[in-house]
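Next up, protein17.txt (compact mmCIF, C-alpha atoms):
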# COMPACT_ATOMS: atom_id res chain seq x y z
CA MET Y 1 75.97 143.91 99.70
CA GLU Y 2 76.40 144.56 103.40
CA VAL Y 3 79.02 143.54 105.95
CA GLY Y 4 77.87 140.51 107.92
CA LYS Y 5 75.47 139.22 105.26
CA VAL Y 6 75.36 135.90 103.43
CA CYS Y 7 74.65 136.64 99.76
CA ASN Y 8 74.14 134.76 96.50
CA LEU Y 9 76.13 136.82 93.99
CA ILE Y 10 77.05 136.34 90.36
CA MET Y 11 80.49 136.41 88.78
CA VAL Y 12 80.95 139.48 86.60
CA LYS Y 13 84.73 139.68 86.10
CA LYS Y 14 87.80 137.45 86.36
CA THR Y 15 91.30 138.70 87.27
CA ASP Y 16 94.67 137.18 88.15
CA PHE Y 17 93.93 137.61 91.86
CA GLY Y 18 90.34 136.40 91.98
CA ILE Y 19 86.89 137.17 90.65
CA TYR Y 20 84.53 140.08 91.15
CA LEU Y 21 80.97 139.42 92.22
CA SER Y 22 77.87 141.55 92.01
CA GLU Y 23 74.14 141.22 92.63
CA ASN Y 24 73.33 141.74 88.95
CA GLN Y 25 75.18 142.02 85.66
CA GLY Y 26 76.01 145.67 85.01
CA ASP Y 27 75.91 146.76 88.69
CA GLU Y 28 78.71 149.15 89.60
CA GLU Y 29 79.01 147.74 93.13
CA LYS Y 30 81.35 144.73 93.09
CA VAL Y 31 83.20 142.70 95.70
CA LEU Y 32 86.33 140.58 95.33
CA LEU Y 33 86.41 136.84 96.00
CA PRO Y 34 90.14 136.00 96.37
CA LYS Y 35 91.64 133.51 93.92
CA LYS Y 36 92.25 130.80 96.56
CA GLU Y 37 88.49 130.68 97.24
CA VAL Y 38 87.20 130.72 93.68
CA PRO Y 39 85.20 127.53 92.91
CA GLU Y 40 86.54 125.43 90.06
CA GLY Y 41 84.82 125.83 86.72
CA ILE Y 42 82.94 129.02 87.58
CA ASN Y 43 82.09 131.31 84.67
CA ASN Y 44 80.64 134.76 84.16
CA GLY Y 45 77.00 134.81 85.24
CA ASP Y 46 77.34 131.83 87.61
CA LYS Y 47 76.11 132.28 91.17
CA VAL Y 48 78.14 131.66 94.30
CA GLU Y 49 77.15 131.90 97.98
CA VAL Y 50 79.50 134.13 99.98
CA PHE Y 51 79.81 135.95 103.28
CA ILE Y 52 80.69 139.66 103.19
CA TYR Y 53 83.16 141.23 105.63
CA ARG Y 54 86.18 143.54 105.71
CA ASP Y 55 89.75 142.27 105.35
CA SER Y 56 92.79 143.42 107.35
CA ASP Y 57 93.11 146.44 105.03
CA ASP Y 58 89.48 147.37 105.75
CA ARG Y 59 88.36 146.53 102.21
CA LEU Y 60 85.00 144.92 101.53
CA ILE Y 61 85.68 141.31 100.59
CA ALA Y 62 83.81 138.05 100.00
CA THR Y 63 84.56 134.57 101.28
CA THR Y 64 83.02 131.18 100.58
CA SER Y 65 83.86 130.18 104.17
CA MET Y 66 80.89 130.58 106.48
CA PRO Y 67 81.59 132.18 109.90
CA LYS Y 68 80.89 130.35 113.15
CA VAL Y 69 78.52 133.17 114.14
CA ILE Y 70 76.64 135.69 112.00
CA PRO Y 71 75.23 139.01 113.25
CA GLY Y 72 72.28 138.59 115.58
CA GLU Y 73 73.12 134.98 116.48
CA LEU Y 74 74.97 133.52 119.48
CA GLY Y 75 77.98 131.23 119.38
CA VAL Y 76 81.00 130.06 121.35
CA LEU Y 77 84.31 131.40 120.02
CA GLU Y 78 87.88 130.82 121.19
CA VAL Y 79 90.11 133.70 122.32
CA MET Y 80 93.22 133.75 120.10
CA ASP Y 81 94.89 136.95 121.34
CA VAL Y 82 94.43 139.67 123.95
CA THR Y 83 95.69 143.17 123.11
CA ARG Y 84 95.38 146.71 124.45
CA ILE Y 85 92.21 147.30 122.41
CA GLY Y 86 90.49 144.03 123.27
CA ALA Y 87 90.54 140.33 122.45
CA PHE Y 88 90.58 138.66 119.05
CA LEU Y 89 88.39 135.61 118.53
CA ASP Y 90 88.45 132.83 115.94
CA MET Y 91 85.21 133.03 113.98
CA GLY Y 92 86.28 130.64 111.22
CA LEU Y 93 87.46 133.29 108.73
CA ALA Y 94 90.88 134.46 107.58
CA LYS Y 95 90.49 137.53 109.79
CA GLU Y 96 89.76 137.20 113.51
CA ILE Y 97 86.96 139.25 115.06
CA LEU Y 98 87.53 141.90 117.71
CA LEU Y 99 85.87 141.66 121.11
CA PRO Y 100 86.40 145.21 122.45
CA PHE Y 101 87.12 145.70 126.15
CA LYS Y 102 83.85 147.59 126.56
CA GLU Y 103 81.95 144.54 125.31
CA GLN Y 104 83.56 142.14 127.80
CA ILE Y 105 81.81 141.15 131.04
CA ARG Y 106 84.84 139.61 132.73
CA LYS Y 107 88.59 139.24 132.32
CA ILE Y 108 89.43 136.79 129.55
CA ASN Y 109 92.61 135.02 128.50
CA VAL Y 110 94.02 133.33 125.42
CA GLY Y 111 92.42 129.90 125.05
CA ASP Y 112 89.17 130.85 126.80
CA LYS Y 113 85.93 129.99 125.05
CA VAL Y 114 83.35 132.74 125.31
CA LEU Y 115 79.71 132.98 124.38
CA VAL Y 116 79.19 136.03 122.17
CA SER Y 117 76.95 137.65 119.64
CA VAL Y 118 78.25 139.44 116.55
CA TYR Y 119 77.24 142.89 115.37
CA VAL Y 120 78.32 145.51 112.80
CA ASP Y 121 79.81 148.57 114.53
CA LYS Y 122 79.59 152.25 113.53
CA SER Y 123 82.69 151.83 111.36
CA ASP Y 124 80.99 149.05 109.36
CA ARG Y 125 83.24 146.36 110.86
CA LEU Y 126 82.27 143.09 112.50
CA CYS Y 127 82.67 143.04 116.29
CA ALA Y 128 81.74 140.62 119.06
CA THR Y 129 80.03 141.26 122.38
CA MET Y 130 79.65 139.21 125.55
CA LYS Y 131 76.68 141.39 126.57
CA ILE Y 132 74.06 139.06 125.16
CA ASN Y 133 71.10 139.50 127.52
CA LYS Y 134 69.20 141.49 124.89
CA TYR Y 135 69.41 138.51 122.55
CA LEU Y 136 67.79 136.11 125.07
CA SER Y 137 64.08 135.60 125.57
CA CYS Y 138 62.06 134.97 128.75
CA GLU Y 139 59.36 133.15 126.78
CA SER Y 140 60.68 129.60 126.65
CA PRO Y 141 58.46 126.55 126.01
CA TYR Y 142 59.88 124.73 129.04
CA LYS Y 143 58.22 123.79 132.32
CA LYS Y 144 59.30 122.29 135.65
CA ASP Y 145 61.35 119.05 135.36
CA ASP Y 146 61.98 119.45 131.61
CA LYS Y 147 65.52 118.59 130.50
CA VAL Y 148 67.36 121.35 128.63
CA ARG Y 149 70.75 122.06 127.07
CA GLY Y 150 72.59 125.34 127.27
CA VAL Y 151 75.87 127.23 127.27
CA ILE Y 152 77.32 129.03 130.28
CA ILE Y 153 77.44 132.79 129.76
CA ASN Y 154 79.24 133.64 132.98
CA VAL Y 155 79.75 132.33 136.51
CA ASN Y 156 79.18 134.68 139.46
CA PRO Y 157 80.76 133.13 142.60
CA ASP Y 158 78.10 134.76 144.80
CA MET Y 159 75.04 134.06 142.65
CA GLY Y 160 75.59 131.11 140.35
CA ALA Y 161 75.95 130.37 136.64
CA TYR Y 162 74.02 132.26 133.97
CA ILE Y 163 72.94 130.04 131.09
CA ALA Y 164 71.80 130.61 127.50
CA VAL Y 165 69.30 127.76 127.12
CA ASP Y 166 69.15 126.59 123.48
CA MET Y 167 71.10 129.80 122.74
CA LYS Y 168 67.71 131.55 123.05
CA TYR Y 169 66.39 131.70 126.61
CA HIS Y 170 67.45 133.04 130.01
CA GLY Y 171 68.47 130.40 132.55
CA MET Y 172 70.39 130.25 135.82
CA ILE Y 173 71.93 127.57 138.03
CA PRO Y 174 71.90 128.98 141.60
CA LYS Y 175 75.13 128.80 143.58
CA ARG Y 176 73.71 126.10 145.90
CA GLU Y 177 73.23 123.80 142.89
CA ILE Y 178 76.83 124.03 141.64
CA HIS Y 179 79.14 121.26 142.81
CA THR Y 180 81.60 121.14 139.94
CA ASN Y 181 83.89 123.54 138.13
CA LEU Y 182 81.89 125.44 135.52
CA LYS Y 183 83.41 127.85 132.99
CA SER Y 184 82.07 130.34 130.49
CA GLY Y 185 81.50 128.60 127.17
CA ASP Y 186 80.87 125.15 128.69
CA GLU Y 187 77.93 123.24 127.26
CA ILE Y 188 75.73 121.68 129.93
CA GLU Y 189 72.62 119.59 130.39
CA ALA Y 190 70.25 120.59 133.17
CA ARG Y 191 66.77 120.15 134.61
CA VAL Y 192 64.28 122.98 135.01
CA THR Y 193 63.53 123.29 138.72
CA SER Y 194 61.13 126.21 138.32
CA VAL Y 195 59.97 128.91 135.92
CA ARG Y 196 60.21 132.33 137.55
CA ASP Y 197 57.45 134.92 137.37
CA ASP Y 198 59.49 136.83 134.80
CA GLY Y 199 59.83 133.72 132.62
CA LYS Y 200 63.49 133.02 133.37
CA LEU Y 201 64.42 129.40 134.12
CA ASN Y 202 65.94 128.14 137.36
CA LEU Y 203 68.07 125.10 136.60
CA SER Y 204 69.86 122.23 138.32
CA MET Y 205 72.45 119.84 136.97
CA ASN Y 206 71.05 117.17 139.31
CA ASP Y 207 68.03 114.99 138.68
CA LYS Y 208 65.07 114.79 141.06
CA ALA Y 209 66.23 113.81 144.57
CA TYR Y 210 64.74 110.31 144.53
CA VAL Y 211 66.42 109.59 141.17
CA GLN Y 212 69.66 111.37 142.02
CA ILE Y 213 70.18 109.32 145.21
CA ASP Y 214 70.76 106.13 143.22
CA ALA Y 215 73.20 107.83 140.84
CA ASP Y 216 75.11 109.41 143.76
CA ALA Y 217 75.16 106.11 145.66
CA LEU Y 218 76.67 104.32 142.66
CA LYS Y 219 79.29 107.05 142.24
CA ILE Y 220 80.24 106.89 145.94
CA LYS Y 221 80.47 103.08 145.87
CA ASP Y 222 82.70 103.15 142.77
CA ILE Y 223 85.03 105.81 144.17
CA ILE Y 224 85.40 104.01 147.53
CA THR Y 225 86.06 100.74 145.69
CA ASP Y 226 88.80 102.47 143.65
CA LYS Y 227 90.35 103.57 146.94
CA GLY Y 228 90.72 99.98 148.09
CA GLY Y 229 87.32 99.78 149.72
CA VAL Y 230 87.94 102.37 152.45
CA LEU Y 231 87.08 106.07 152.61
CA ASN Y 232 88.96 107.96 155.30
CA PHE Y 233 85.96 110.09 156.30
CA ASP Y 234 82.23 109.61 156.72
CA ASP Y 235 79.12 111.76 156.29
CA LYS Y 236 80.17 114.01 159.17
CA ALA Y 237 83.03 115.42 157.08
CA ALA Y 238 83.12 119.11 156.10
CA PRO Y 239 81.05 120.02 152.99
CA GLU Y 240 84.13 121.18 151.08
CA VAL Y 241 85.88 117.82 151.68
CA ILE Y 242 82.86 115.93 150.34
CA GLU Y 243 82.44 118.25 147.37
CA LYS Y 244 86.11 117.97 146.40
CA GLU Y 245 86.04 114.17 146.52
CA PHE Y 246 82.62 113.45 145.02
CA GLY Y 247 81.41 116.67 143.37
CA ILE Y 248 78.13 116.63 145.31
CA SER Y 249 76.71 118.53 148.29
CA LYS Y 250 76.94 117.23 151.86
CA ALA Y 251 73.15 116.76 151.93
CA ALA Y 252 73.27 114.64 148.75
CA PHE Y 253 76.20 112.67 150.18
CA LYS Y 254 74.31 111.91 153.39
CA ARG Y 255 71.26 110.74 151.42
CA ALA Y 256 73.34 108.46 149.21
CA VAL Y 257 75.32 107.05 152.15
CA GLY Y 258 72.00 106.34 153.89
CA ARG Y 259 70.85 104.39 150.82
CA LEU Y 260 74.11 102.37 150.76
CA LEU Y 261 73.83 101.62 154.49
CA LYS Y 262 70.21 100.53 154.12
CA ASN Y 263 71.18 98.18 151.30
CA GLU Y 264 74.11 96.87 153.40
CA ILE Y 265 76.66 97.77 150.75
CA ILE Y 266 78.80 99.83 153.16
CA GLU Y 267 79.42 100.18 156.86
CA LYS Y 268 80.61 103.07 159.01
CA ALA Y 269 83.26 102.64 161.69
CA ASP Y 270 85.88 104.84 163.37
CA GLY Y 271 84.96 107.87 161.21
CA LYS Y 272 85.47 105.88 157.99
CA ILE Y 273 83.25 104.24 155.40
CA LYS Y 274 84.08 100.73 154.22
CA ILE Y 275 82.68 98.54 151.46
CA LYS Y 276 81.20 95.41 153.03
What does this structure look like when you write it as structure tokens?
Amino acid sequence: MEVGKVCNLIMVKKTDFGIYLSENQGDEEKVLLPKKEVPEGINNGDKVEVFIYRDSDDRLIATTSMPKVIPGELGVLEVMDVTRIGAFLDMGLAKEILLPFKEQIRKINVGDKVLVSVYVDKSDRLCATMKINKYLSCESPYKKDDKVRGVIINVNPDMGAYIAVDMKYHGMIPKREIHTNLKSGDEIEARVTSVRDDGKLNLSMNDKAYVQIDADALKIKDIITDKGGVLNFDDKAAPEVIEKEFGISKAAFKRAVGRLLKNEIIEKADGKIKIK
């Protein structure tokens, strides 16, 4: 019986505060399953599936609740508290898991959702880490233009967003491809724009240009319509103005406006765009 393991154990003893479990009848090593978690009708010799961890008094204990993440896997956990020794995350058990400061890759706050892996530290306690690169592979099955799902590991304002594709593979959305607010822990859908020589995936949240134009054009038309049919700037506006209003780049905006003009859905006049 090891910390961080899911085990099928048998009941060997009943007490007023729970039952003791062991791998085999007669084994000296036993672990307590608290009374509130004891399945109804269980008897000596019956098996029960449990997860092994340490309680707040550092005692080995069993639980029938399964954690959101087990050692060696990745998962998104919510920050419940931040203290002088690190942050405590909700992993679905009675006891929260510690994310030590040395295992954090950025400043985090209560309520944040962070992508972590879980490990057993030198003191035989469960801990979390945001340093998950070693758990990700560069040997994905994906190729250019494949659609993928992933979770944001971290966002570097100068580089872009680092992604755990399928919770298994290295991916990145370059800064130039980000036109919306992305946060660590967000789940996203993306398109593979290229596979790098090292196997890592370059991603975009936009579709191919010729497909994306129609989607952008529809978005622009709907937003202008909601504004009473008039937009108080045109495609000469500053990139940050366009991005704030539509969540797309200036280049994408110009392409979509061109499509709307060609289809005679809009017109430009006096630095404004109007629905015809």
Worksheet entry | Contact residues around Y:Pro39 with all atoms listed in the file at 10 Å, ignoring same-chain residues under 4 positions, as an NGL selection string | :Y and (33 or 35 or 43 or 48 or 64)
Discussion item. (67.0, 123.4, 135.8) in this file's frame - what residues fall within 8 Å of it? Use all atoms listed in the file and give the answer as a PyMOL selection string.
Written reply: chain Y and resi 144-148+171-173+190-194+201-205
Output C-alpha atoms of each residue in that selection to a file, as a PDB file, in the coordinates of the input.
ATOM      1  CA  LYS Y 144      59.300 122.290 135.650  1.00  0.00           C
ATOM      2  CA  ASP Y 145      61.350 119.050 135.360  1.00  0.00           C
ATOM      3  CA  ASP Y 146      61.980 119.450 131.610  1.00  0.00           C
ATOM      4  CA  LYS Y 147      65.520 118.590 130.500  1.00  0.00           C
ATOM      5  CA  VAL Y 148      67.360 121.350 128.630  1.00  0.00           C
ATOM      6  CA  GLY Y 171      68.470 130.400 132.550  1.00  0.00           C
ATOM      7  CA  MET Y 172      70.390 130.250 135.820  1.00  0.00           C
ATOM      8  CA  ILE Y 173      71.930 127.570 138.030  1.00  0.00           C
ATOM      9  CA  ALA Y 190      70.250 120.590 133.170  1.00  0.00           C
ATOM     10  CA  ARG Y 191      66.770 120.150 134.610  1.00  0.00           C
ATOM     11  CA  VAL Y 192      64.280 122.980 135.010  1.00  0.00           C
ATOM     12  CA  THR Y 193      63.530 123.290 138.720  1.00  0.00           C
ATOM     13  CA  SER Y 194      61.130 126.210 138.320  1.00  0.00           C
ATOM     14  CA  LEU Y 201      64.420 129.400 134.120  1.00  0.00           C
ATOM     15  CA  ASN Y 202      65.940 128.140 137.360  1.00  0.00           C
ATOM     16  CA  LEU Y 203      68.070 125.100 136.600  1.00  0.00           C
ATOM     17  CA  SER Y 204      69.860 122.230 138.320  1.00  0.00           C
ATOM     18  CA  MET Y 205      72.450 119.840 136.970  1.00  0.00           C
TER      19      MET Y 205
END
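Closest approach to Y:Ala256 among Y:Arg125, Y:Lys168, Y:Arg54, Y:Lys221 is made by Y:Lys221 (distances from only C-alpha atoms).
For the pair atom CA of Y:Tyr162 and atom CA of Y:Pro141, the separation is 18.4 Å.
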Worksheet entry | Selection near Y:Gly26, 9 Å with all atoms listed in the file, sequence-local residues under 3 positions removed, as a list in words | Val12, Ser22 and Glu29 of chain Y
With C-alpha atoms retained, export the selected residues as a PDB file, keeping the file's coordinate frame.
ATOM      1  CA  VAL Y  12      80.950 139.480  86.600  1.00  0.00           C
ATOM      2  CA  SER Y  22      77.870 141.550  92.010  1.00  0.00           C
ATOM      3  CA  GLU Y  29      79.010 147.740  93.130  1.00  0.00           C
TER       4      GLU Y  29
END
Can you put N, CA and C atoms back into stretch 43-62 of chain Y and show it as a compact mmCIF listing (two decimals), in the frame of the given file?
# COMPACT_ATOMS: atom_id res chain seq x y z
N ASN Y 43 82.04 130.43 85.83
CA ASN Y 43 82.09 131.31 84.67
C ASN Y 43 81.24 132.55 84.92
N ASN Y 44 81.44 133.54 84.06
CA ASN Y 44 80.64 134.76 84.16
C ASN Y 44 79.15 134.43 84.19
N GLY Y 45 78.43 135.04 85.11
CA GLY Y 45 77.00 134.81 85.24
C GLY Y 45 76.63 133.73 86.24
N ASP Y 46 77.61 132.89 86.62
CA ASP Y 46 77.34 131.83 87.61
C ASP Y 46 77.19 132.43 89.00
N LYS Y 47 76.34 131.80 89.81
CA LYS Y 47 76.11 132.28 91.17
C LYS Y 47 77.01 131.55 92.16
N VAL Y 48 77.36 132.26 93.23
CA VAL Y 48 78.14 131.66 94.30
C VAL Y 48 77.69 132.27 95.63
N GLU Y 49 77.57 131.43 96.65
CA GLU Y 49 77.15 131.90 97.98
C GLU Y 49 78.38 132.35 98.76
N VAL Y 50 78.35 133.57 99.27
CA VAL Y 50 79.50 134.13 99.98
C VAL Y 50 79.05 134.89 101.23
N PHE Y 51 80.01 135.11 102.10
CA PHE Y 51 79.81 135.95 103.28
C PHE Y 51 80.62 137.23 103.07
N ILE Y 52 80.04 138.37 103.42
CA ILE Y 52 80.69 139.66 103.19
C ILE Y 52 81.26 140.20 104.49
N TYR Y 53 82.53 140.59 104.46
CA TYR Y 53 83.16 141.23 105.63
C TYR Y 53 84.27 142.14 105.15
N ARG Y 54 85.06 142.67 106.08
CA ARG Y 54 86.18 143.54 105.71
C ARG Y 54 87.49 142.84 106.04
N ASP Y 55 88.46 142.93 105.11
CA ASP Y 55 89.75 142.27 105.35
C ASP Y 55 90.63 143.13 106.24
N SER Y 56 91.88 142.72 106.43
CA SER Y 56 92.79 143.42 107.35
C SER Y 56 93.14 144.82 106.86
N ASP Y 57 92.90 145.09 105.57
CA ASP Y 57 93.11 146.44 105.03
C ASP Y 57 91.82 147.23 104.97
N ASP Y 58 90.78 146.71 105.63
CA ASP Y 58 89.48 147.37 105.75
C ASP Y 58 88.74 147.46 104.42
N ARG Y 59 89.07 146.57 103.50
CA ARG Y 59 88.36 146.53 102.21
C ARG Y 59 87.22 145.53 102.28
N LEU Y 60 86.11 145.86 101.62
CA LEU Y 60 85.00 144.92 101.53
C LEU Y 60 85.46 143.71 100.72
N ILE Y 61 85.20 142.51 101.25
CA ILE Y 61 85.68 141.31 100.59
C ILE Y 61 84.69 140.17 100.81
N ALA Y 62 84.71 139.20 99.90
CA ALA Y 62 83.81 138.05 100.00
C ALA Y 62 84.61 136.80 100.35
